[in-house]
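Chemist: Quick one: the structure is below, questions incoming.
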Amino acid sequence: MRVDKPKLVIVGNGMVGHHFVEQLCEQQLNRHYDVTVFGAESLPAYDRVQLSKYFESSSADSLMLATQADYAAQGVVLHLGQQVNNIDQHKKQLTVNGETVLYDTLVLATGSFPFVPPIKGNDRRDCLVYRTIDDLEAIEQAATTAKSGVVIGGGLLGLEAANALSALGLDTHVVEFAPQLMSVQLNDRGGELLKQKIEALGLGVHLSKATQEIVDGERAQHRLNFSDGSWLETDMIVFSAGIRPQDALARASDISIGERGGIVIDDCCRTSAKDVYAIGECALWQQQIFGLVAPGYQMAKVAVSQIAKHLLDNSIVSPTTEALRFTGADMSTKLKLLGVDVASIGASRGFDNAQYVELSDVQAGVYKKLWLDETGEYLRGAVLVGNVDEYPNLLSQYLSGDALEEPAVTLLMADDSAPLALKDNAIVCSCHQVTKADIVEQVVAGNHQLAEIKSCTKAASGCGGCAAVVQQIIDETMQAQGLETESGICCHFDYDRQALFHLCQVENINDFEQLYQLHAKNGSSELALGCDICKPVAASIFATLENEYVLNENHVALQDSNDAYLGNLQKDGSYSVVPRVAGGEITPDKLIAMGQIAKRYDLYTKITGGQRIDMFGAALSDLPAIWSELIAEGFETGHAYGKSLRTVKSCVGNTWCRYGVQDSVGLAIALENRYKGLRSPHKIKFAVSGCTRECAEAQSKDIGVIATEKGWNLFVCGNGGMRPRHGDLFATDLSTEQLVSYIDRILMFYSKTAARLQRTSVWLESLAGGLEYLQSVVIENSLGLADELESQMHKVAANYQCEWKTSLQDDVFLQRFSEFINPKDAPLIDTKQYQYQRSQKFPISSEVETFSAVNHKLSTLGDIAITQLDEEEALV
Amino acid sequence: MNWVTICDEQALPSKRGIAAWVAGKAVAIFHLGDAGIYAIDNVDPATGVSVLSRGLLCEFENELFVASPLHKQHYSLTTGRCLENETLSVDTYEIKRQSGKILARLLA
């Protein structure tokens with residue numbers, strides 16, 4: 001007899017509701033429950049904290065936390081765009097669209113809604129709120145005709161919204177009722193500095209303004225009339241005056257609600273109704289609503305552990321977790337608002353009898369204040385504006401609850417060179433509540449990469465602000481274990497690729513033996529042989545720095561086997577040949593020539609994903625002849641064997657396409673020709689699309705360019721392959737000159753700093769500071785490297801040569817293509833044999849299938865039989 | 001097995017490999033200057049393909065190896081053992097120089 005599994009229903013698919021499902025699946029509780037989720041929005045869970053990023057790409061893709069397929073893969077049923085109308089807590093059932101849904105356990109994660117102050121005229125046209133992607137679409141729509149915008153509310157979310165309006169090109173103003181900005185987190189002086197900084201960016205800030213009514217404007221759509229008689233005109237308005245718990249469903253179902261709203265929960269996140277939990281911004285714990293994501297995630301964890309315990313009590317499942325309790329949450333935050341760093345910790349606005357230490361540097365635009373208890377021994381709170389370097393240290397000190405060991409003022413004199421002294425229980429990632437001990441445990445277990453730590457602990461996968469600290473903990477832990485931190489690339493060198501690159505550049509080293517004698521781990525050695533890891537790395541570094549002929553006598557023994565023979569070695573010992581077809585554009589004559597050459601040498605041909613033609617099965621000894629014929633027809637090497645630029649894929653662009661807005665093929669050819677000689681840490685792929693339809697799939701490439709009406713949008717660090725990654729939007733509406741100078745800088749910075757065989761996608765994720773850091777280096781020139789990077793790339797481009805062309809003039813090189821040094825002693829039989837399938841040759845050791853289930857068998861008899869049958873039917 | 005003459009010494013490239021025929025078998029020969037000349041089977045036992053002469057030379061703890069260009073297993077130039085898989089090995093050959101010629105024979 002089949003026993004139905006108990007039913008677990010979650011109402012709400014925001015960040016907290018999603019985190020609950022994630023935790024549930026991690027504990028494998030989805031095996032024991034039929035899990036159903038109802039979300040009111042039309043999209044599955046997305047990252048609301050990063051909402052303003054939506055405007056960077058005008059797409060929700062980069063914000064998505066999960067897809068419907070992800071849910072299905074876990075066996076969780078997700079209904080989107082569904083409003084739950086009623087809960088019957090006695091019958092344990094819900095009503096959704098008139099249908100009844102039963103539950104055994106119910107979790108309410110309904111979140112909150114934006115509070116719109118009861119101002120006359122607040123329902124006028126283009127009076128909007130800022131919470132969902134639908135809201136953002138409405139804001140974007142309104143901004144297409146608006147010139148100016150006002151945000152009502154100068155809190156954290158209000159400033160985020162102002163950032164969005166400003167990014168949309170509107171003349172932006174913030175109107176705040178209180179006499180300062182961010183009055184929950186900052187004190188008056190911190191708020192004042194923030195105001196100055198925001199005004200310096202060209203935004204208007206209006207404090208102590210109570211809006212009385214919104215009426216028709218004279219020069220803009222609306223006029224806001226303030227209680228002090230002043231007024232402000234604007235075309236659109238965004239309300240961001242706080243949030244209210246979304247408790248309507250619980251309220252209508254007689255579940256206990258707090259006096260000022262919020263579903264009352266206990267320490268186990270239970271509501272007043274049996275087997276009904278509430279988590280996140282809709283929940284009221286000890287008279288508090290928590291409007292941040294981190295406490296919501298804690299509640300989700302607590303609820304999951306309580307449900308697990310419930311199962312355990314019914315002895316369905318063995319214990320994997322102890323039941324947690326919610327004990328309140330630390331509301332400390334660190335964020336960047338409109339480019340200004342702001343942080344607050346604990347009692348950031350002070351308290352009675354508090355002592356304090358204050359630092360105010362108007363010149364540098366920095367304000368910091370520490371609040372200490374009345375004895376001055378314990379840190380109770382902090383405000384940081386303009387520079388938040390001390391945040392991790394201060395937070396650790398605050399959370400530890402320990403007495404200060406040194407005078408408080410030393411906490412504000414952070415010494416960059418001193419290691420961060422975090423306690424084991426210090427929370428490193430406040431988005432996911434990951435402690436230092438959690439990270440150390442995973443590092444000891446063998447996860448040494450930041451990306452690995454991100455995926456197994458979730459640390460640094462929320463806002464990402466703690467990435468640098470996490471990296472530091474990884475390094476410290478590995479050193480404590482006596483492990484070499486990431487540094488040594490192999491047993492011969494203690495340096496990582498970046499350090500070796502630096503040494504070669506600074507000391508002008510252009511020779512492996514010299515590098516070995518000067519910098520190898522065990523000192524110099526007569527042989528200086530190295531290994532198959534350090535030699536190709538050195539060769540790649542020399543090539544990036546000088547771009548000399550890769551097979552000159554000094555370097556040939558260093559090259560990886562593909563580079564050493566300028567071909568891609570295949571499984572049977574033969575090679576493939578790939579001439580460059582820049583941008584995928586090829587003349588019929590060249591196409592014919594290539595076909596004739598392939599036919600002459602009996603090569604298997606296939607069109608690659610990068611829009612060129614790969615010819616397989618060339619014998620080592622045939623390579624020089626094949627290439628001299630190709631070069632005579634005007635081809636050059638395609639570097640398919642190198643860790644270097646492969647292809648620049650393109651769509652046909654505006655020269656032919658009805659939709660194209662720019663010449664994508666022309667740009668693709670120019671880019672391919674500029675970067676074709678660059679040797680880099682790993683292969684690099686580009687694409688250029690001529691319009692936003694994106695036929696060239698540029699967002700899956702290391703460098704992706706998409707044409708706009710005004711210029712080019714640049715996407716970086718995308719990746720197909722084993723671990724696909726969408727490229728990040730790096731900059732918009734660039735001129736061709738700007739585009740090329742940014743790509744120069746990005747690729748050269750990557751070539752200088754990436755680890756061995758690190759694709760750009762992993763490189764970007766491993767950069768502390770990620771995309772923003774890369775933008776600051778490339779666009780704002782924060783390291784002052786821009787000129788050097790560009791001139792280095794000019795040098796690479798200027799020194800380009802077709803390696804096959806050079807090689808064919810080099811007799812020593814050509815000798816290497818005789819397969820044997822004593823060919824006359826060779827046995828007569830050819831050891832390589834081929835089979836022929838689908839009219840082409842394949843290695844004899846390969847199984848070539850023709851999949852008859854897909855292809856109709858070409859059986860003559862069968863064809864006749866069918867024809868006869870058709871005729872008979874026709875006759876009837 | 002008798003000594004087989006392969007080629008002139010000066011024909012051998014330095015610090016990298018070259019393939020040769022020795023008594024009907026393909027052999028990879030590596031000339032490491034003063035550190036000696038080594039010869040092993042050219043066929044990579046992991047794949048059965050004749051490519052070891054095209055691999056990169058390596059030194060680990062004073063032992064010389066060649067990395068197979070196909071899947072990067074390392075084979076010792078002196079013992080023929082495979083570093084990654086003890087069930088794999090290649091034959092090694094003795095080399096001598098004689099009046100400017102290179103001669104090889106299978107090590108017993």
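As shown in the structure tokens, the chain order sets the letters A, B, ...; within each chain, residues go from 1, and ligands are also counted from 1 in the order they appear.
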Do you have, as JSON lines, the list of residues of chain B lying at most 10 Å from chain A, each with its nearest atom pair and that distance in Å to one decimal, counting only C-alpha atoms and ordered by chain then number?
Modeler:
```
{"residue": "B:Thr5", "atom": "CA", "partner": "A:Asn822", "partner_atom": "CA", "distance": 9.5}
{"residue": "B:Ile6", "atom": "CA", "partner": "A:Asn822", "partner_atom": "CA", "distance": 6.4}
{"residue": "B:Cys7", "atom": "CA", "partner": "A:Asn822", "partner_atom": "CA", "distance": 6.6}
{"residue": "B:Asp8", "atom": "CA", "partner": "A:Ile821", "partner_atom": "CA", "distance": 9.6}
{"residue": "B:Ala11", "atom": "CA", "partner": "A:Ile821", "partner_atom": "CA", "distance": 8.0}
{"residue": "B:Leu12", "atom": "CA", "partner": "A:Ile821", "partner_atom": "CA", "distance": 8.1}
{"residue": "B:Pro13", "atom": "CA", "partner": "A:Arg816", "partner_atom": "CA", "distance": 8.6}
{"residue": "B:Ser14", "atom": "CA", "partner": "A:Ala557", "partner_atom": "CA", "distance": 8.6}
{"residue": "B:Lys15", "atom": "CA", "partner": "A:Ala557", "partner_atom": "CA", "distance": 6.5}
{"residue": "B:Arg16", "atom": "CA", "partner": "A:Ala557", "partner_atom": "CA", "distance": 6.0}
{"residue": "B:Gly17", "atom": "CA", "partner": "A:Ala557", "partner_atom": "CA", "distance": 9.2}
{"residue": "B:Ile18", "atom": "CA", "partner": "A:Ile821", "partner_atom": "CA", "distance": 6.8}
{"residue": "B:Ala19", "atom": "CA", "partner": "A:Phe820", "partner_atom": "CA", "distance": 4.9}
{"residue": "B:Ala20", "atom": "CA", "partner": "A:Phe820", "partner_atom": "CA", "distance": 4.8}
{"residue": "B:Trp21", "atom": "CA", "partner": "A:Ala826", "partner_atom": "CA", "distance": 5.9}
{"residue": "B:Val22", "atom": "CA", "partner": "A:Asp825", "partner_atom": "CA", "distance": 7.9}
{"residue": "B:Ala23", "atom": "CA", "partner": "A:Asp825", "partner_atom": "CA", "distance": 8.3}
{"residue": "B:Gly24", "atom": "CA", "partner": "A:Pro827", "partner_atom": "CA", "distance": 6.2}
{"residue": "B:Lys25", "atom": "CA", "partner": "A:Ala826", "partner_atom": "CA", "distance": 8.6}
{"residue": "B:Ala26", "atom": "CA", "partner": "A:Phe820", "partner_atom": "CA", "distance": 8.5}
{"residue": "B:Val27", "atom": "CA", "partner": "A:Phe820", "partner_atom": "CA", "distance": 9.2}
{"residue": "B:Ala28", "atom": "CA", "partner": "A:Phe820", "partner_atom": "CA", "distance": 9.3}
{"residue": "B:Ile29", "atom": "CA", "partner": "A:Ile821", "partner_atom": "CA", "distance": 9.6}
{"residue": "B:Leu32", "atom": "CA", "partner": "A:Leu527", "partner_atom": "CA", "distance": 8.2}
{"residue": "B:Gly33", "atom": "CA", "partner": "A:Leu527", "partner_atom": "CA", "distance": 8.9}
{"residue": "B:Asp34", "atom": "CA", "partner": "A:Leu527", "partner_atom": "CA", "distance": 8.7}
{"residue": "B:Ala35", "atom": "CA", "partner": "A:Leu527", "partner_atom": "CA", "distance": 7.3}
{"residue": "B:Thr47", "atom": "CA", "partner": "A:Lys571", "partner_atom": "CA", "distance": 8.2}
{"residue": "B:Gly48", "atom": "CA", "partner": "A:Asp572", "partner_atom": "CA", "distance": 8.6}
{"residue": "B:Val49", "atom": "CA", "partner": "A:Asp572", "partner_atom": "CA", "distance": 6.0}
{"residue": "B:Ser50", "atom": "CA", "partner": "A:Gly573", "partner_atom": "CA", "distance": 6.7}
{"residue": "B:Val51", "atom": "CA", "partner": "A:Gly573", "partner_atom": "CA", "distance": 6.2}
{"residue": "B:Leu52", "atom": "CA", "partner": "A:Gly573", "partner_atom": "CA", "distance": 9.9}
{"residue": "B:Ser53", "atom": "CA", "partner": "A:Glu819", "partner_atom": "CA", "distance": 9.7}
{"residue": "B:Arg54", "atom": "CA", "partner": "A:Ser561", "partner_atom": "CA", "distance": 6.3}
{"residue": "B:Gly55", "atom": "CA", "partner": "A:Ser561", "partner_atom": "CA", "distance": 6.1}
{"residue": "B:Leu56", "atom": "CA", "partner": "A:Asp532", "partner_atom": "CA", "distance": 5.7}
{"residue": "B:Leu57", "atom": "CA", "partner": "A:Cys531", "partner_atom": "CA", "distance": 6.3}
{"residue": "B:Cys58", "atom": "CA", "partner": "A:Cys531", "partner_atom": "CA", "distance": 4.0}
{"residue": "B:Glu59", "atom": "CA", "partner": "A:Gly530", "partner_atom": "CA", "distance": 5.8}
{"residue": "B:Phe60", "atom": "CA", "partner": "A:Cys531", "partner_atom": "CA", "distance": 7.8}
{"residue": "B:Glu61", "atom": "CA", "partner": "A:Cys491", "partner_atom": "CA", "distance": 9.2}
{"residue": "B:Asn62", "atom": "CA", "partner": "A:Leu527", "partner_atom": "CA", "distance": 9.9}
{"residue": "B:Leu64", "atom": "CA", "partner": "A:Leu529", "partner_atom": "CA", "distance": 9.0}
{"residue": "B:Phe65", "atom": "CA", "partner": "A:Cys531", "partner_atom": "CA", "distance": 8.7}
{"residue": "B:Val66", "atom": "CA", "partner": "A:Asp532", "partner_atom": "CA", "distance": 8.5}
{"residue": "B:Ala67", "atom": "CA", "partner": "A:Asp532", "partner_atom": "CA", "distance": 6.7}
{"residue": "B:Ser68", "atom": "CA", "partner": "A:Ser561", "partner_atom": "CA", "distance": 9.0}
{"residue": "B:Pro69", "atom": "CA", "partner": "A:Ser561", "partner_atom": "CA", "distance": 5.8}
{"residue": "B:Leu70", "atom": "CA", "partner": "A:Lys571", "partner_atom": "CA", "distance": 7.0}
{"residue": "B:His71", "atom": "CA", "partner": "A:Lys571", "partner_atom": "CA", "distance": 9.5}
{"residue": "B:Lys72", "atom": "CA", "partner": "A:Asp532", "partner_atom": "CA", "distance": 8.4}
{"residue": "B:His74", "atom": "CA", "partner": "A:Asp532", "partner_atom": "CA", "distance": 9.5}
```
Chemist: Identify, on the basis of only C-alpha atoms, every residue whose closest approach to range 85-88 of chain B does not exceed 9 Å; exclude the query and any residue fewer than 3 positions from it along the same chain; express the result as number ranges by chain.
Modeler: B: 45-46, 73, 75, 80-82
Chemist: According to DSSP computed on the backbone, where in chain B is there strand (DSSP E)? Give the residues as number ranges by chain.
Modeler: B: 4-8, 17-22, 25-31, 37-41, 43-44, 49-50, 56-60, 63-67, 74-76, 92-98, 101-106
Chemist: Name all residues at most 6 Å from range 163-178 of chain A (count only C-alpha atoms; drop same-chain ones fewer than 5 positions away) and give them as a list of chain:residue names.
Modeler: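 Non-adjacent residues within range: A:Ser52, A:Lys147, A:Ser148, A:Gly149, A:Val150, A:Val151, A:Ile152, A:Gly153, A:Gly154, A:Leu203, A:Gly204, A:Val205, A:His206, A:Leu207, A:Ser208, A:Lys209, A:Ala210, A:Leu338.
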Chemist: For Gly262 in chain A, work out the shell of residues within 10 Å, counting only C-alpha atoms and skipping chain neighbours fewer than 5 positions away, then give it as a JSON list (two decimals) with all heavy atoms, in the first residue's frame.
Modeler:
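Resulting contents of around.json:
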```json
[["chain", "number", "residue", "atom", "x", "y", "z"],
["A", 111, "GLY", "N", 6.68, 38.07, 2.95],
["A", 111, "GLY", "CA", 7.48, 39.27, 2.77],
["A", 111, "GLY", "C", 6.79, 40.53, 3.23],
["A", 111, "GLY", "O", 6.00, 40.51, 4.17],
["A", 112, "SER", "N", 7.07, 41.62, 2.51],
["A", 112, "SER", "CA", 6.51, 42.90, 2.92],
["A", 112, "SER", "C", 6.09, 43.68, 1.69],
["A", 112, "SER", "O", 6.35, 43.25, 0.57],
["A", 112, "SER", "CB", 7.57, 43.70, 3.70],
["A", 112, "SER", "OG", 8.66, 43.96, 2.84],
["A", 244, "ARG", "N", 6.07, 47.51, 5.09],
["A", 244, "ARG", "CA", 5.10, 46.98, 6.04],
["A", 244, "ARG", "C", 4.98, 45.48, 5.81],
["A", 244, "ARG", "O", 4.98, 45.03, 4.66],
["A", 244, "ARG", "CB", 3.71, 47.62, 5.82],
["A", 244, "ARG", "CG", 3.67, 49.11, 6.09],
["A", 244, "ARG", "CD", 3.80, 49.41, 7.59],
["A", 244, "ARG", "NE", 3.73, 50.84, 7.86],
["A", 244, "ARG", "CZ", 4.79, 51.64, 7.92],
["A", 244, "ARG", "NH1", 6.01, 51.16, 7.72],
["A", 244, "ARG", "NH2", 4.64, 52.93, 8.18],
["A", 245, "PRO", "N", 4.90, 44.69, 6.88],
["A", 245, "PRO", "CA", 4.79, 43.24, 6.70],
["A", 245, "PRO", "C", 3.54, 42.85, 5.92],
["A", 245, "PRO", "O", 2.47, 43.42, 6.14],
["A", 245, "PRO", "CB", 4.75, 42.70, 8.13],
["A", 245, "PRO", "CG", 4.42, 43.87, 8.99],
["A", 245, "PRO", "CD", 4.93, 45.08, 8.29],
["A", 246, "GLN", "N", 3.71, 41.93, 5.01],
["A", 246, "GLN", "CA", 2.57, 41.47, 4.20],
["A", 246, "GLN", "C", 1.84, 40.37, 5.00],
["A", 246, "GLN", "O", 2.14, 39.19, 4.88],
["A", 246, "GLN", "CB", 3.12, 40.91, 2.86],
["A", 246, "GLN", "CG", 2.06, 40.45, 1.88],
["A", 246, "GLN", "CD", 1.04, 41.51, 1.57],
["A", 246, "GLN", "OE1", 0.03, 41.65, 2.31],
["A", 246, "GLN", "NE2", 1.25, 42.27, 0.51],
["A", 247, "ASP", "N", 0.92, 40.80, 5.84],
["A", 247, "ASP", "CA", 0.27, 39.86, 6.76],
["A", 247, "ASP", "C", -1.22, 39.68, 6.47],
["A", 247, "ASP", "O", -1.94, 39.10, 7.28],
["A", 247, "ASP", "CB", 0.48, 40.32, 8.21],
["A", 247, "ASP", "CG", -0.02, 41.75, 8.43],
["A", 247, "ASP", "OD1", -0.77, 42.26, 7.57],
["A", 247, "ASP", "OD2", 0.35, 42.34, 9.46],
["A", 248, "ALA", "N", -1.65, 40.17, 5.31],
["A", 248, "ALA", "CA", -3.10, 40.18, 5.03],
["A", 248, "ALA", "C", -3.70, 38.77, 5.06],
["A", 248, "ALA", "O", -4.78, 38.55, 5.62],
["A", 248, "ALA", "CB", -3.36, 40.84, 3.68],
["A", 250, "ALA", "N", -2.61, 36.05, 6.66],
["A", 250, "ALA", "CA", -2.67, 35.52, 8.02],
["A", 250, "ALA", "C", -3.76, 36.22, 8.83],
["A", 250, "ALA", "O", -4.51, 35.61, 9.58],
["A", 250, "ALA", "CB", -1.31, 35.69, 8.69],
["A", 251, "ARG", "N", -3.85, 37.55, 8.61],
["A", 251, "ARG", "CA", -4.84, 38.35, 9.34],
["A", 251, "ARG", "C", -6.25, 37.86, 9.04],
["A", 251, "ARG", "O", -7.06, 37.66, 9.95],
["A", 251, "ARG", "CB", -4.68, 39.81, 8.90],
["A", 251, "ARG", "CG", -5.34, 40.84, 9.77],
["A", 251, "ARG", "CD", -5.19, 42.21, 9.13],
["A", 251, "ARG", "NE", -3.83, 42.75, 9.25],
["A", 251, "ARG", "CZ", -3.44, 43.52, 10.26],
["A", 251, "ARG", "NH1", -4.28, 43.84, 11.23],
["A", 251, "ARG", "NH2", -2.20, 43.98, 10.32],
["A", 256, "SER", "N", -2.58, 35.11, 14.79],
["A", 256, "SER", "CA", -2.22, 36.27, 15.61],
["A", 256, "SER", "C", -1.34, 37.27, 14.87],
["A", 256, "SER", "O", -0.33, 36.87, 14.30],
["A", 256, "SER", "CB", -1.44, 35.82, 16.85],
["A", 256, "SER", "OG", -2.31, 35.53, 17.86],
["A", 257, "ILE", "N", -1.75, 38.53, 14.95],
["A", 257, "ILE", "CA", -1.01, 39.60, 14.29],
["A", 257, "ILE", "C", -0.63, 40.63, 15.36],
["A", 257, "ILE", "O", -1.37, 40.84, 16.31],
["A", 257, "ILE", "CB", -1.92, 40.29, 13.23],
["A", 257, "ILE", "CG1", -2.41, 39.28, 12.19],
["A", 257, "ILE", "CG2", -1.22, 41.46, 12.58],
["A", 257, "ILE", "CD1", -1.33, 38.73, 11.30],
["A", 278, "ALA", "N", 6.02, 31.17, 10.19],
["A", 278, "ALA", "CA", 6.20, 32.39, 9.39],
["A", 278, "ALA", "C", 7.66, 32.80, 9.47],
["A", 278, "ALA", "O", 8.28, 32.70, 10.54],
["A", 278, "ALA", "CB", 5.30, 33.51, 9.88],
["A", 281, "GLU", "N", 10.32, 38.94, 6.36],
["A", 281, "GLU", "CA", 9.82, 40.28, 6.68],
["A", 281, "GLU", "C", 8.36, 40.31, 7.10],
["A", 281, "GLU", "O", 7.87, 41.32, 7.59],
["A", 281, "GLU", "CB", 10.02, 41.21, 5.47],
["A", 281, "GLU", "CG", 11.48, 41.51, 5.19],
["A", 281, "GLU", "CD", 11.68, 42.36, 3.94],
["A", 281, "GLU", "OE1", 10.80, 42.35, 3.06],
["A", 281, "GLU", "OE2", 12.72, 43.03, 3.86],
["A", 282, "CYS", "N", 7.63, 39.20, 6.89],
["A", 282, "CYS", "CA", 6.23, 39.19, 7.33],
["A", 282, "CYS", "C", 6.11, 38.81, 8.79],
["A", 282, "CYS", "O", 5.05, 38.93, 9.40],
["A", 282, "CYS", "CB", 5.41, 38.23, 6.46],
["A", 282, "CYS", "SG", 5.89, 36.50, 6.64],
["A", 283, "ALA", "N", 7.22, 38.33, 9.41],
["A", 283, "ALA", "CA", 7.15, 37.77, 10.75],
["A", 283, "ALA", "C", 7.52, 38.81, 11.81],
["A", 283, "ALA", "O", 8.41, 39.64, 11.61],
["A", 283, "ALA", "CB", 8.08, 36.57, 10.85],
["A", 284, "LEU", "N", 6.84, 38.75, 12.95],
["A", 284, "LEU", "CA", 7.09, 39.67, 14.06],
["A", 284, "LEU", "C", 7.62, 38.86, 15.23],
["A", 284, "LEU", "O", 6.92, 38.02, 15.80],
["A", 284, "LEU", "CB", 5.77, 40.36, 14.45],
["A", 284, "LEU", "CG", 5.85, 41.41, 15.56],
["A", 284, "LEU", "CD1", 6.55, 42.67, 15.06],
["A", 284, "LEU", "CD2", 4.45, 41.75, 16.07],
["A", 285, "TRP", "N", 8.88, 39.11, 15.58],
["A", 285, "TRP", "CA", 9.51, 38.37, 16.69],
["A", 285, "TRP", "C", 9.85, 39.35, 17.79],
["A", 285, "TRP", "O", 10.56, 40.34, 17.53],
["A", 285, "TRP", "CB", 10.78, 37.67, 16.17],
["A", 285, "TRP", "CG", 11.53, 36.91, 17.23],
["A", 285, "TRP", "CD1", 11.28, 35.65, 17.68],
["A", 285, "TRP", "CD2", 12.67, 37.37, 17.96],
["A", 285, "TRP", "NE1", 12.19, 35.29, 18.64],
["A", 285, "TRP", "CE2", 13.05, 36.34, 18.84],
["A", 285, "TRP", "CE3", 13.39, 38.57, 17.98],
["A", 285, "TRP", "CZ2", 14.13, 36.45, 19.72],
["A", 285, "TRP", "CZ3", 14.46, 38.69, 18.86],
["A", 285, "TRP", "CH2", 14.83, 37.63, 19.72],
["A", 287, "GLN", "N", 8.19, 41.73, 19.05],
["A", 287, "GLN", "CA", 7.79, 43.08, 18.63],
["A", 287, "GLN", "C", 8.71, 43.68, 17.56],
["A", 287, "GLN", "O", 8.68, 44.88, 17.33],
["A", 287, "GLN", "CB", 7.73, 44.04, 19.84],
["A", 287, "GLN", "CG", 6.77, 43.63, 20.93],
["A", 287, "GLN", "CD", 5.34, 43.56, 20.41],
["A", 287, "GLN", "OE1", 4.90, 44.37, 19.62],
["A", 287, "GLN", "NE2", 4.61, 42.52, 20.84],
["A", 288, "GLN", "N", 9.54, 42.86, 16.93],
["A", 288, "GLN", "CA", 10.44, 43.41, 15.90],
["A", 288, "GLN", "C", 10.18, 42.78, 14.54],
["A", 288, "GLN", "O", 9.97, 41.58, 14.46],
["A", 288, "GLN", "CB", 11.91, 43.10, 16.23],
["A", 288, "GLN", "CG", 12.45, 43.77, 17.47],
["A", 288, "GLN", "CD", 13.86, 43.27, 17.74],
["A", 288, "GLN", "OE1", 14.80, 43.60, 17.01],
["A", 288, "GLN", "NE2", 14.02, 42.46, 18.77],
["A", 289, "ILE", "N", 10.22, 43.64, 13.53],
["A", 289, "ILE", "CA", 10.23, 43.17, 12.14],
["A", 289, "ILE", "C", 11.66, 43.34, 11.64],
["A", 289, "ILE", "O", 12.29, 44.37, 11.89],
["A", 289, "ILE", "CB", 9.30, 44.04, 11.26],
["A", 289, "ILE", "CG1", 7.85, 43.89, 11.70],
["A", 289, "ILE", "CG2", 9.48, 43.71, 9.79],
["A", 289, "ILE", "CD1", 7.16, 42.64, 11.20]]
```
Chemist: Can you tell me which residues surround Thr732 in chain A at a distance of at most 7 Å, considering only C-alpha atoms, apart from same-chain residues fewer than 6 positions away, and format the answer as a short mmCIF file (atom, residue, chain, number, x, y, z; two decimals) with C-alpha atoms, in the first residue's frame?
Modeler:
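Heads up, here's the output in part_24.cif:
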```cif
data_model
loop_
_atom_site.label_atom_id
_atom_site.label_comp_id
_atom_site.auth_asym_id
_atom_site.auth_seq_id
_atom_site.Cartn_x
_atom_site.Cartn_y
_atom_site.Cartn_z
CA TRP A 712 28.53 49.05 -28.26
CA ASN A 713 27.65 47.32 -25.00
CA LEU A 714 30.55 45.32 -23.61
#
```
Chemist: For CA of Val440 in chain A and CA of Gln472 in chain A, quote the distance in Å rounded to one decimal.
Modeler: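 It comes out at 10.8 Å.
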Chemist: One number please: CA of Ile586 in chain A to CA of Val648 in chain A, in Å, one decimal.
Modeler: 13.5 Å
Chemist: Identify which of the residues A:Glu140, A:Glu218, A:Asp702, A:Glu672 lies closest to Lys685 in chain A, counting only C-alpha atoms when measuring atom-to-atom distances.
Modeler: A:Asp702
Chemist: From range 371-585 of chain A, collect each residue whose DSSP state is alpha helix (DSSP H) and return the set as JSON, numbers by chain.
Modeler: {"A": [391, 392, 393, 394, 395, 396, 397, 398, 399, 400, 436, 437, 438, 439, 440, 441, 442, 443, 444, 450, 451, 452, 453, 454, 455, 456, 457, 467, 468, 469, 470, 471, 472, 473, 474, 475, 476, 477, 478, 479, 480, 497, 498, 499, 500, 501, 502, 503, 504, 505, 506, 512, 513, 514, 515, 516, 517, 518, 519, 534, 535, 536, 537, 538, 539, 540, 541, 542, 543, 544, 545, 546, 561, 562, 563, 564, 565]}
Chemist: Excluding same-chain residues fewer than 4 positions from Leu411 in chain A, what lies within 8 Å of it counting only C-alpha atoms, as an MDAnalysis selection string?
Modeler: chainID A and resid 390 393:394 407
Chemist: Write out the residues from the selection above, keeping N, CA and C atoms, as a PDB file, in the first residue's frame.
Modeler:
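Final output, again-v5.pdb:
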```pdb
ATOM      1  N   GLU A 390      37.622  49.261   8.197  1.00  0.00           N
ATOM      2  CA  GLU A 390      37.693  48.626   9.515  1.00  0.00           C
ATOM      3  C   GLU A 390      36.472  47.767   9.809  1.00  0.00           C
ATOM      4  N   ASN A 393      36.889  44.028  11.135  1.00  0.00           N
ATOM      5  CA  ASN A 393      37.501  44.008  12.462  1.00  0.00           C
ATOM      6  C   ASN A 393      36.536  44.462  13.538  1.00  0.00           C
ATOM      7  N   LEU A 394      35.838  45.579  13.243  1.00  0.00           N
ATOM      8  CA  LEU A 394      34.907  46.145  14.218  1.00  0.00           C
ATOM      9  C   LEU A 394      33.758  45.191  14.464  1.00  0.00           C
ATOM     10  N   PRO A 407      43.201  50.619  23.593  1.00  0.00           N
ATOM     11  CA  PRO A 407      42.304  51.783  23.538  1.00  0.00           C
ATOM     12  C   PRO A 407      41.465  51.773  22.253  1.00  0.00           C
TER      13      PRO A 407
END
```
